[in-house]
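S.K.: Sharing a structure below in structure tokens format, with a few things to ask.
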Amino acid sequence: MEFTFTQQNLEKIDQILKKYPTKKAALMPLLWLAQEQNGFISGEVMKSVASILEVSLEEVLGVVTFYTMYHQHEMGKYHFQVCTNVSCLLRGGYDIWNHVRSKLKIENGQVTSDKKFSLEEVECMGSCGSAPMMAVNEDYYENLSLDQVDQIIESFK
Ligand code: FES
């Protein structure tokens, strides 16, 4: 489906571009803005961002596929990202991961049928000192126990 930024977001883009020395440097904030508007980064979104920033589609795709913060398909209202990288793994990251999977009854990359929850196993999210951790949307939950995971999930129901 064709994607165009809203007038309000076009004005935000003008402001964002003023902060960077080159258009290309604004790629990540523009993708974030596009994801906020569209819910995920579709091919049409990538084309629109590439056109505004005068970069190739491949450059946009490279950034979208590298960072787990960008989603290439629609995610749930509450998107769970559980880290299973080294520090988290050593402190029970896979116990957290398996617990979240079993509570939400979905697998990696899936969305619940009511579109409320989605789940993703991710690499280090830069919070190793407070492992194990997970993020729900933009909020980090750290030094997690299984009980805390239960409470967090309940709080979103
Ligand atoms: S290893 Fe999990 S946040 Fe770094």
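Identifiers in the structure tokens: chain A, B, ... in order shown; residue index from 1 per chain; ligand index from 1 in order shown.
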So which residues touch segment 101-114 of chain A within 10 Å, counting only C-alpha atoms, skipping near sequence neighbours fewer than 5 positions away, as a list in words?
M.R.: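 After dropping sequence-adjacent residues, the list is His71, His73, Glu74, Met75, Gly76, Lys77, Tyr78, His79, Phe80, Gln81, Val82, Asp95, Ile96, Leu119, Glu120, Glu121, Val122, Val149, Asp150 and Ile153 of chain A.
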S.K.: Taking 3 positions as the minimum chain separation for residues in the same chain, which residues sit within 12 Å of Glu59 of chain A when counting only C-alpha atoms? Answer as a list of chain:residue names.
M.R.: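 With the cut-off at 12 Å, the set is A:Lys24, A:Ala25, A:Leu27, A:Met28, A:Met46, A:Lys47, A:Val49, A:Ala50, A:Ser51, A:Leu53, A:Glu54, A:Val55, A:Ser56, A:Gly62, A:Val63, A:Val64, A:Thr65, A:Phe66.
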S.K.: Please dump the current selection as a PDB file, in the first residue's frame; keep N, CA, C and O atoms.
M.R.:
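Listed below is the output, result32.pdb:
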ATOM      1  N   LYS A  24      21.360  12.034   4.347  1.00  0.00           N
ATOM      2  CA  LYS A  24      21.522  10.611   4.644  1.00  0.00           C
ATOM      3  C   LYS A  24      21.652  10.347   6.154  1.00  0.00           C
ATOM      4  O   LYS A  24      21.200   9.323   6.668  1.00  0.00           O
ATOM      5  N   ALA A  25      22.267  11.296   6.860  1.00  0.00           N
ATOM      6  CA  ALA A  25      22.477  11.125   8.302  1.00  0.00           C
ATOM      7  C   ALA A  25      21.154  11.081   9.075  1.00  0.00           C
ATOM      8  O   ALA A  25      21.121  10.632  10.219  1.00  0.00           O
ATOM      9  N   LEU A  27      18.618   9.285   8.321  1.00  0.00           N
ATOM     10  CA  LEU A  27      17.896   8.065   7.940  1.00  0.00           C
ATOM     11  C   LEU A  27      17.201   7.394   9.131  1.00  0.00           C
ATOM     12  O   LEU A  27      16.021   7.039   9.055  1.00  0.00           O
ATOM     13  N   MET A  28      17.923   7.229  10.229  1.00  0.00           N
ATOM     14  CA  MET A  28      17.311   6.506  11.355  1.00  0.00           C
ATOM     15  C   MET A  28      16.113   7.258  11.958  1.00  0.00           C
ATOM     16  O   MET A  28      15.055   6.662  12.161  1.00  0.00           O
ATOM     17  N   MET A  46       9.934   2.385   2.814  1.00  0.00           N
ATOM     18  CA  MET A  46      11.369   2.498   2.475  1.00  0.00           C
ATOM     19  C   MET A  46      11.570   3.350   1.217  1.00  0.00           C
ATOM     20  O   MET A  46      12.477   4.175   1.156  1.00  0.00           O
ATOM     21  N   LYS A  47      10.696   3.156   0.229  1.00  0.00           N
ATOM     22  CA  LYS A  47      10.809   3.952  -1.004  1.00  0.00           C
ATOM     23  C   LYS A  47      10.627   5.435  -0.702  1.00  0.00           C
ATOM     24  O   LYS A  47      11.361   6.288  -1.223  1.00  0.00           O
ATOM     25  N   VAL A  49      11.092   7.052   2.155  1.00  0.00           N
ATOM     26  CA  VAL A  49      12.231   7.580   2.925  1.00  0.00           C
ATOM     27  C   VAL A  49      13.452   7.739   2.012  1.00  0.00           C
ATOM     28  O   VAL A  49      14.149   8.764   2.054  1.00  0.00           O
ATOM     29  N   ALA A  50      13.679   6.748   1.145  1.00  0.00           N
ATOM     30  CA  ALA A  50      14.821   6.824   0.223  1.00  0.00           C
ATOM     31  C   ALA A  50      14.691   8.037  -0.686  1.00  0.00           C
ATOM     32  O   ALA A  50      15.670   8.754  -0.943  1.00  0.00           O
ATOM     33  N   SER A  51      13.478   8.286  -1.146  1.00  0.00           N
ATOM     34  CA  SER A  51      13.260   9.419  -2.055  1.00  0.00           C
ATOM     35  C   SER A  51      13.497  10.755  -1.343  1.00  0.00           C
ATOM     36  O   SER A  51      14.173  11.629  -1.861  1.00  0.00           O
ATOM     37  N   LEU A  53      15.330  11.331   1.272  1.00  0.00           N
ATOM     38  CA  LEU A  53      16.738  11.514   1.678  1.00  0.00           C
ATOM     39  C   LEU A  53      17.726  11.378   0.513  1.00  0.00           C
ATOM     40  O   LEU A  53      18.933  11.543   0.702  1.00  0.00           O
ATOM     41  N   GLU A  54      17.165  11.069  -0.663  1.00  0.00           N
ATOM     42  CA  GLU A  54      18.008  10.913  -1.863  1.00  0.00           C
ATOM     43  C   GLU A  54      19.121   9.874  -1.642  1.00  0.00           C
ATOM     44  O   GLU A  54      20.300  10.125  -1.883  1.00  0.00           O
ATOM     45  N   VAL A  55      18.701   8.737  -1.091  1.00  0.00           N
ATOM     46  CA  VAL A  55      19.621   7.606  -0.921  1.00  0.00           C
ATOM     47  C   VAL A  55      19.011   6.398  -1.635  1.00  0.00           C
ATOM     48  O   VAL A  55      17.835   6.424  -2.024  1.00  0.00           O
ATOM     49  N   SER A  56      19.810   5.338  -1.797  1.00  0.00           N
ATOM     50  CA  SER A  56      19.285   4.168  -2.501  1.00  0.00           C
ATOM     51  C   SER A  56      18.394   3.338  -1.574  1.00  0.00           C
ATOM     52  O   SER A  56      18.519   3.397  -0.343  1.00  0.00           O
ATOM     53  N   GLY A  62      19.344  -1.810   4.299  1.00  0.00           N
ATOM     54  CA  GLY A  62      20.466  -2.219   5.152  1.00  0.00           C
ATOM     55  C   GLY A  62      20.258  -1.775   6.599  1.00  0.00           C
ATOM     56  O   GLY A  62      20.516  -2.535   7.536  1.00  0.00           O
ATOM     57  N   VAL A  63      19.763  -0.566   6.785  1.00  0.00           N
ATOM     58  CA  VAL A  63      19.527  -0.050   8.144  1.00  0.00           C
ATOM     59  C   VAL A  63      18.308  -0.740   8.764  1.00  0.00           C
ATOM     60  O   VAL A  63      18.336  -1.162   9.923  1.00  0.00           O
ATOM     61  N   VAL A  64      17.262  -0.885   7.980  1.00  0.00           N
ATOM     62  CA  VAL A  64      16.018  -1.499   8.498  1.00  0.00           C
ATOM     63  C   VAL A  64      16.276  -2.931   8.960  1.00  0.00           C
ATOM     64  O   VAL A  64      15.773  -3.358   9.999  1.00  0.00           O
ATOM     65  N   THR A  65      17.078  -3.663   8.207  1.00  0.00           N
ATOM     66  CA  THR A  65      17.295  -5.071   8.565  1.00  0.00           C
ATOM     67  C   THR A  65      18.361  -5.245   9.646  1.00  0.00           C
ATOM     68  O   THR A  65      18.421  -6.278  10.287  1.00  0.00           O
ATOM     69  N   PHE A  66      19.195  -4.226   9.868  1.00  0.00           N
ATOM     70  CA  PHE A  66      20.249  -4.343  10.884  1.00  0.00           C
ATOM     71  C   PHE A  66      19.698  -4.119  12.291  1.00  0.00           C
ATOM     72  O   PHE A  66      20.070  -4.815  13.231  1.00  0.00           O
TER      73      PHE A  66
END
S.K.: Collect all residues with atoms no farther than 7 Å from ligand 1, counting only C-alpha atoms and all ligand atoms, and output them as an MDAnalysis selection string.
M.R.: chainID A and resid 83:88 123:128 131:133
S.K.: Would you mind exporting the chosen residues as a tab-separated table (two decimals), in the first residue's frame, restricted to N, CA and C atoms?
M.R.:
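This is the output file again_6.tsv:
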chain	number	residue	atom	x	y	z
A	83	CYS	N	16.09	-10.24	25.31
A	83	CYS	CA	17.51	-10.41	24.96
A	83	CYS	C	18.01	-11.76	25.45
A	84	THR	N	18.66	-12.49	24.52
A	84	THR	CA	19.28	-13.76	24.92
A	84	THR	C	20.77	-13.76	24.59
A	85	ASN	N	21.33	-12.55	24.48
A	85	ASN	CA	22.77	-12.47	24.21
A	85	ASN	C	23.55	-12.80	25.50
A	86	VAL	N	24.89	-12.77	25.40
A	86	VAL	CA	25.73	-13.41	26.41
A	86	VAL	C	25.38	-13.06	27.86
A	87	SER	N	25.38	-11.77	28.21
A	87	SER	CA	25.15	-11.42	29.62
A	87	SER	C	23.77	-11.87	30.08
A	88	CYS	N	22.78	-11.67	29.23
A	88	CYS	CA	21.43	-12.08	29.59
A	88	CYS	C	21.33	-13.60	29.66
A	123	GLU	N	19.24	-9.56	20.01
A	123	GLU	CA	20.63	-9.49	20.46
A	123	GLU	C	20.75	-8.39	21.51
A	124	CYS	N	21.97	-8.20	22.02
A	124	CYS	CA	22.21	-7.25	23.11
A	124	CYS	C	21.53	-5.91	22.89
A	125	MET	N	20.82	-5.46	23.92
A	125	MET	CA	20.14	-4.17	23.84
A	125	MET	C	20.86	-3.12	24.70
A	126	GLY	N	22.12	-3.40	25.03
A	126	GLY	CA	22.94	-2.41	25.72
A	126	GLY	C	22.63	-2.28	27.19
A	127	SER	N	22.00	-3.29	27.76
A	127	SER	CA	21.63	-3.22	29.17
A	127	SER	C	22.23	-4.41	29.92
A	128	CYS	N	23.44	-4.82	29.50
A	128	CYS	CA	24.06	-6.06	30.01
A	128	CYS	C	24.26	-6.02	31.52
A	131	ALA	N	21.28	-7.43	33.35
A	131	ALA	CA	20.71	-8.66	32.76
A	131	ALA	C	20.08	-9.54	33.84
A	132	PRO	N	19.08	-10.35	33.52
A	132	PRO	CA	18.44	-10.45	32.21
A	132	PRO	C	17.41	-9.34	32.02
A	133	MET	N	17.20	-9.00	30.76
A	133	MET	CA	16.29	-7.88	30.49
A	133	MET	C	15.41	-8.17	29.29
S.K.: Using only C-alpha atoms, find the one residue out of A:Gly92, A:Phe156, A:Ser48, A:Leu57 that sits nearest to Thr4 of chain A.
M.R.: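 For Thr4 of chain A, the nearest of the candidates is A:Ser48.
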S.K.: Go through A:Trp97, A:Gly39, A:Ile52, A:Tyr141 one by one, measure the shortest atom-to-atom distance of each to Lys115 of chain A using only C-alpha atoms, and give the residue with the smallest value.
M.R.: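 Closest to Lys115 of chain A of all the choices is A:Gly39.
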S.K.: May I ask for the distance between atom CA of Leu10 of chain A and atom CA of Asp139 of chain A, given in Å to one decimal place?
M.R.: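 Value for the atom CA of Leu10 of chain A-atom CA of Asp139 of chain A distance: 26.7 Å.
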S.K.: Just give me the gap between atom CA of Lys12 of chain A and atom CA of Pro29 of chain A in Å, one decimal is fine.
M.R.: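 Interatomic distance, atom CA of Lys12 of chain A to atom CA of Pro29 of chain A: 10.3 Å.
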S.K.: Enumerate the residues of segment 11-149 of chain A with a DSSP assignment of alpha helix (DSSP H), computed from the backbone, and present them as a PyMOL selection string.
M.R.: chain A and resi 11-18+27-38+43-53+57-66+86-90+93-104+146-149
S.K.: Going by DSSP on the backbone, which residues of segment 66-108 of chain A come out as strand (DSSP E)? List them as a VMD selection string.
M.R.: chain A and resid 78 to 83
S.K.: What does the file look like for those residues with C-alpha atoms, as a PDB file, in the first residue's frame?
M.R.:
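Once written, result.pdb looks like this:
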ATOM      1  CA  TYR A  78       2.799  -4.419  23.036  1.00  0.00           C
ATOM      2  CA  HIS A  79       5.940  -5.641  21.345  1.00  0.00           C
ATOM      3  CA  PHE A  80       8.143  -7.797  23.601  1.00  0.00           C
ATOM      4  CA  GLN A  81      11.838  -8.004  22.807  1.00  0.00           C
ATOM      5  CA  VAL A  82      13.709 -10.488  24.981  1.00  0.00           C
ATOM      6  CA  CYS A  83      17.509 -10.407  24.964  1.00  0.00           C
TER       7      CYS A  83
END
S.K.: Quick one: distance from atom CA of Thr22 of chain A to atom CA of Ser42 of chain A in Å, one decimal?
M.R.: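 A separation of 24.0 Å between them.
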